file upload_32.tsv (TSV, C-alpha atoms)
chain	number	residue	atom	x	y	z
A	6	MET	CA	64.61	39.13	-3.20
A	7	LYS	CA	61.50	37.37	-4.39
A	8	ILE	CA	61.75	34.62	-6.88
A	9	ALA	CA	59.13	34.99	-9.57
A	10	LYS	CA	57.29	31.99	-10.82
A	11	GLY	CA	57.96	31.20	-14.40
A	12	LYS	CA	55.37	30.24	-16.96
A	13	SER	CA	56.47	26.65	-16.86
A	14	SER	CA	55.37	26.15	-13.26
A	15	THR	CA	51.88	27.58	-13.91
A	16	ARG	CA	51.50	25.40	-16.99
A	17	LYS	CA	52.19	22.31	-14.90
A	18	ASP	CA	49.56	23.37	-12.40
A	19	LYS	CA	46.98	23.91	-15.14
A	20	THR	CA	47.65	20.54	-16.75
A	21	GLU	CA	47.47	18.90	-13.35
A	22	VAL	CA	44.03	20.42	-12.75
A	23	SER	CA	42.73	19.40	-16.18
A	24	LYS	CA	43.61	15.73	-15.59
A	25	PRO	CA	40.99	13.39	-14.16
A	26	VAL	CA	41.15	12.92	-10.41
A	27	GLU	CA	42.50	9.37	-10.67
A	28	GLU	CA	45.49	10.47	-12.78
A	29	ARG	CA	46.55	13.40	-10.59
A	30	LYS	CA	49.56	13.14	-8.35
A	31	VAL	CA	48.76	11.52	-5.03
A	32	GLY	CA	50.96	13.99	-3.20
A	33	LYS	CA	48.17	16.55	-3.27
A	34	ARG	CA	45.69	16.03	-0.47
A	35	LYS	CA	42.70	17.42	-2.32
A	36	ALA	CA	43.17	15.10	-5.27
A	37	ALA	CA	43.33	12.06	-3.01
A	38	VAL	CA	40.21	13.12	-1.10
A	39	LYS	CA	38.27	13.79	-4.29
A	40	ALA	CA	39.21	10.38	-5.65
A	41	ASP	CA	37.78	8.71	-2.53
A	42	LYS	CA	34.52	10.68	-2.83
A	43	SER	CA	34.09	9.71	-6.49
A	44	ARG	CA	34.43	6.04	-5.55
A	45	LEU	CA	31.73	6.44	-2.92
A	46	LYS	CA	29.37	7.96	-5.46
A	47	LEU	CA	29.85	5.01	-7.80
A	48	THR	CA	29.11	2.49	-5.09
A	49	LYS	CA	25.97	4.38	-4.04
A	50	LYS	CA	24.75	4.41	-7.64
A	51	ALA	CA	25.44	0.69	-7.96
A	52	LYS	CA	23.39	0.05	-4.83
A	53	LEU	CA	20.53	2.19	-6.08
A	54	ASP	CA	20.39	0.33	-9.38
A	55	LYS	CA	19.78	-2.98	-7.59
A	56	LYS	CA	16.44	-1.97	-6.04
A	57	ASP	CA	13.73	-4.59	-6.23
A	58	PRO	CA	10.54	-3.19	-7.75
A	59	ASN	CA	8.45	-5.74	-5.82
A	60	LYS	CA	9.69	-4.53	-2.44
A	61	PRO	CA	6.96	-2.72	-0.46
A	62	LYS	CA	7.32	1.04	-0.04
A	63	ARG	CA	7.95	2.45	3.42
A	64	PRO	CA	4.90	3.98	5.07
A	65	PRO	CA	4.56	7.77	5.46
A	66	SER	CA	5.09	9.39	8.83
A	67	ALA	CA	2.26	11.10	10.71
A	68	PHE	CA	3.33	14.45	9.26
A	69	PHE	CA	3.02	13.22	5.69
A	70	VAL	CA	-0.38	11.69	6.41
A	71	PHE	CA	-1.42	15.13	7.70
A	72	LEU	CA	0.16	16.84	4.70
A	73	GLU	CA	-1.96	14.81	2.24
A	74	GLU	CA	-5.14	16.26	3.73
A	75	PHE	CA	-3.64	19.70	4.22
A	76	ARG	CA	-2.64	19.97	0.54
A	77	LYS	CA	-6.22	19.51	-0.57
A	78	THR	CA	-7.58	22.21	1.71
A	79	TYR	CA	-4.67	24.57	1.02
A	80	LYS	CA	-5.14	24.32	-2.75
A	81	GLN	CA	-8.85	25.06	-2.40
A	82	GLU	CA	-8.15	28.12	-0.28
A	83	HIS	CA	-5.20	29.34	-2.40
A	84	PRO	CA	-5.83	28.30	-6.03
A	85	ASN	CA	-3.25	30.76	-7.40
A	86	VAL	CA	-0.32	29.35	-5.41
A	87	LYS	CA	1.48	26.79	-7.57
A	88	ALA	CA	4.76	26.45	-5.66
A	89	VAL	CA	5.22	23.16	-3.83
A	90	SER	CA	7.53	24.86	-1.36
A	91	ALA	CA	4.79	27.25	-0.29
A	92	VAL	CA	2.43	24.37	0.46
A	93	GLY	CA	5.17	22.56	2.38
A	94	LYS	CA	6.05	25.59	4.46
A	95	ALA	CA	2.43	26.30	5.29
A	96	GLY	CA	1.88	22.63	6.16
A	97	GLY	CA	4.93	22.57	8.41
A	98	ALA	CA	3.81	25.69	10.23
A	99	LYS	CA	0.31	24.26	10.69
A	100	TRP	CA	1.71	20.92	11.95
A	101	LYS	CA	3.85	22.69	14.55
A	102	SER	CA	0.85	24.67	15.78
A	103	LEU	CA	-1.30	21.53	16.25
A	104	SER	CA	-1.67	20.13	19.75
A	105	ALA	CA	-0.96	16.49	20.63
A	106	THR	CA	-4.69	15.65	20.62
A	107	GLU	CA	-5.09	17.15	17.14
A	108	LYS	CA	-2.10	15.16	15.87
A	109	SER	CA	-3.32	11.85	17.35
A	110	PRO	CA	-5.58	10.78	14.40
A	111	TYR	CA	-2.71	11.23	11.96
A	112	GLU	CA	-0.34	9.33	14.26
A	113	ALA	CA	-2.89	6.52	14.53
A	114	LYS	CA	-3.17	6.28	10.73
A	115	ALA	CA	0.61	6.28	10.43
A	116	ALA	CA	0.91	3.53	13.04
A	117	GLN	CA	-1.67	1.43	11.17
A	118	MET	CA	0.20	1.91	7.89
A	119	LYS	CA	3.44	0.95	9.61
A	120	SER	CA	2.00	-2.29	10.98
A	121	ASP	CA	0.65	-3.16	7.51
A	122	TYR	CA	4.07	-2.42	6.05
A	123	GLU	CA	5.79	-4.68	8.59
A	124	LYS	CA	3.44	-7.55	7.66
A	125	LEU	CA	4.16	-7.00	3.99
A	126	MET	CA	7.90	-6.95	4.67
A	127	ILE	CA	7.71	-10.26	6.54
A	128	THR	CA	6.00	-11.93	3.57
A	129	TYR	CA	8.38	-10.23	1.15
A	130	ASN	CA	11.44	-11.43	3.10
A	131	LYS	CA	10.07	-14.98	3.19
A	132	LYS	CA	9.64	-14.92	-0.58
A	133	GLN	CA	13.18	-13.58	-0.99
A	134	GLU	CA	14.60	-16.33	1.22
A	135	SER	CA	12.73	-19.04	-0.66
A	136	THR	CA	13.91	-17.75	-4.04
A	137	ASN	CA	17.47	-17.48	-2.75
A	138	ASP	CA	17.29	-21.04	-1.41
A	139	ASN	CA	16.05	-22.28	-4.77
A	140	ASP	CA	18.85	-20.46	-6.56
A	141	ASP	CA	21.42	-22.00	-4.20
A	142	GLU	CA	19.95	-25.47	-4.69
A	143	ASP	CA	19.99	-25.03	-8.46
A	144	GLU	CA	23.64	-23.99	-8.38
A	145	GLU	CA	24.53	-26.92	-6.13
A	146	SER	CA	22.70	-29.41	-8.32
A	147	LYS	CA	24.36	-28.00	-11.45
A	148	SER	CA	27.79	-28.26	-9.87
A	149	ALA	CA	27.03	-31.79	-8.68
A	150	LEU	CA	25.98	-32.76	-12.21
A	151	ASN	CA	29.14	-31.23	-13.63
A	152	ASP	CA	31.25	-33.15	-11.10
A	153	GLU	CA	29.53	-36.40	-12.04
A	154	ASP	CA	30.11	-35.69	-15.73
A	155	ASP	CA	33.78	-35.03	-15.06
A	156	GLU	CA	34.13	-38.28	-13.13
A	157	GLU	CA	32.40	-40.27	-15.87
A	158	SER	CA	34.54	-38.72	-18.59
A	159	GLY	CA	37.65	-39.50	-16.51
A	160	GLU	CA	36.61	-43.16	-16.19
A	161	ASP	CA	36.01	-43.40	-19.94
A	162	GLU	CA	39.51	-42.10	-20.63
A	163	ASP	CA	41.00	-44.74	-18.33
A	164	GLU	CA	39.06	-47.48	-20.12
A	165	ASP	CA	40.28	-46.20	-23.49
A	166	GLU	CA	43.88	-46.34	-22.29
A	167	ASP	CA	43.40	-49.93	-21.07
A	168	GLU	CA	42.06	-50.97	-24.47
A	169	ASP	CA	45.11	-49.51	-26.23
A	170	ASP	CA	47.52	-51.60	-24.10
call {"tool": "encode", "arguments": {"input": "upload_32.tsv", "output": "structure tokens"}}
result
Amino acid sequence: MKIAKGKSSTRKDKTEVSKPVEERKVGKRKAAVKADKSRLKLTKKAKLDKKDPNKPKRPPSAFFVFLEEFRKTYKQEHPNVKAVSAVGKAGGAKWKSLSATEKSPYEAKAAQMKSDYEKLMITYNKKQESTNDNDDEDEESKSALNDEDDEESGEDEDEDEDEDD
């Protein structure tokens, strides 16, 4: 004999599903896994929000250097094609068909851009270190001033107590 599920058991399941992931019972594997994934998403968003706008952008690869030129010629030859995906697919096919000697000018440009980027990153990192050092020094000097103020106020209290005696 089969035991039929009653309405009460299905209602519990529905209410369980409608609850947020954090409030669901931990006994269910899927709920626990989903909760972990949602935490990861929040931390990724927090990291993305802290981007420095002054940080230099990474240089394009040789393919993207090639694609810049290819887009211009492709749009002249095919003015009716508006889809970005079509241009990308055609560019990818053309890049694959190029020989190593035909790719070399784009690779040289990409290498030059990369070396420029590395120089910019070195100067950027030096600036970051110097600003961090200044911030640390400021915090240390503030805490030292606060400590001195506390010591002075403590000495004044002792003198006041001596006067009362």
call {"tool": "atom_distance", "arguments": {"input": "upload_32.tsv", "atom1": "atom CA of Lys108 of chain A", "atom2": "atom CA of Glu73 of chain A"}}
result
13.6 Å
call {"tool": "axis_aligned_box", "arguments": {"input": "upload_32.tsv", "around": "segment 109-123 of chain A", "padding_each_side": "3 Å", "output": "lines of an AutoDock Vina configuration file"}}
result
center_x = 0.1
center_y = 3.6
center_z = 11.7
size_x = 17.4
size_y = 22.5
size_z = 17.3
call {"tool": "atom_distance", "arguments": {"input": "upload_32.tsv", "atom1": "atom CA of Asn130 of chain A", "atom2": "atom CA of Lys55 of chain A"}}
result
16.0 Å
call {"tool": "closest_residue", "arguments": {"input": "upload_32.tsv", "among": "A:Lys56, A:Lys87, A:Lys132, A:Lys99", "to": "Glu74 of chain A", "atoms": "all atoms listed in the file"}}
result
A:Lys99
call {"tool": "residues_around", "arguments": {"input": "upload_32.tsv", "residues": "Lys77 of chain A", "least_positions_apart": "5", "cutoff": "10 Å", "atoms": "all atoms listed in the file", "output": "VMD selection string"}}
result
chain A and resid 72 82 92
call {"tool": "write_last_selection", "arguments": {"input": "upload_32.tsv", "atoms": "C-alpha atoms", "output": "PDB file, in the coordinates of the input"}}
result
ATOM      1  CA  LEU A  72       0.160  16.840   4.700  1.00  0.00           C
ATOM      2  CA  GLU A  82      -8.150  28.120  -0.280  1.00  0.00           C
ATOM      3  CA  VAL A  92       2.430  24.370   0.460  1.00  0.00           C
TER       4      VAL A  92
END
call {"tool": "atom_distance", "arguments": {"input": "upload_32.tsv", "atom1": "atom CA of Tyr129 of chain A", "atom2": "atom CA of Phe71 of chain A"}}
result
28.0 Å
call {"tool": "closest_residue", "arguments": {"input": "upload_32.tsv", "among": "A:Ala95, A:Ile127, A:Val89, A:Val70", "to": "Ser109 of chain A", "atoms": "all atoms listed in the file"}}
result
A:Val70
call {"tool": "closest_residue", "arguments": {"input": "upload_32.tsv", "among": "A:Ser104, A:Pro61, A:Phe69, A:Arg76", "to": "Ala91 of chain A", "atoms": "only C-alpha atoms"}}
result
A:Arg76
call {"tool": "closest_residue", "arguments": {"input": "upload_32.tsv", "among": "A:Pro84, A:Lys62, A:Asn137, A:Ser90", "to": "Tyr122 of chain A", "atoms": "only C-alpha atoms"}}
result
A:Lys62
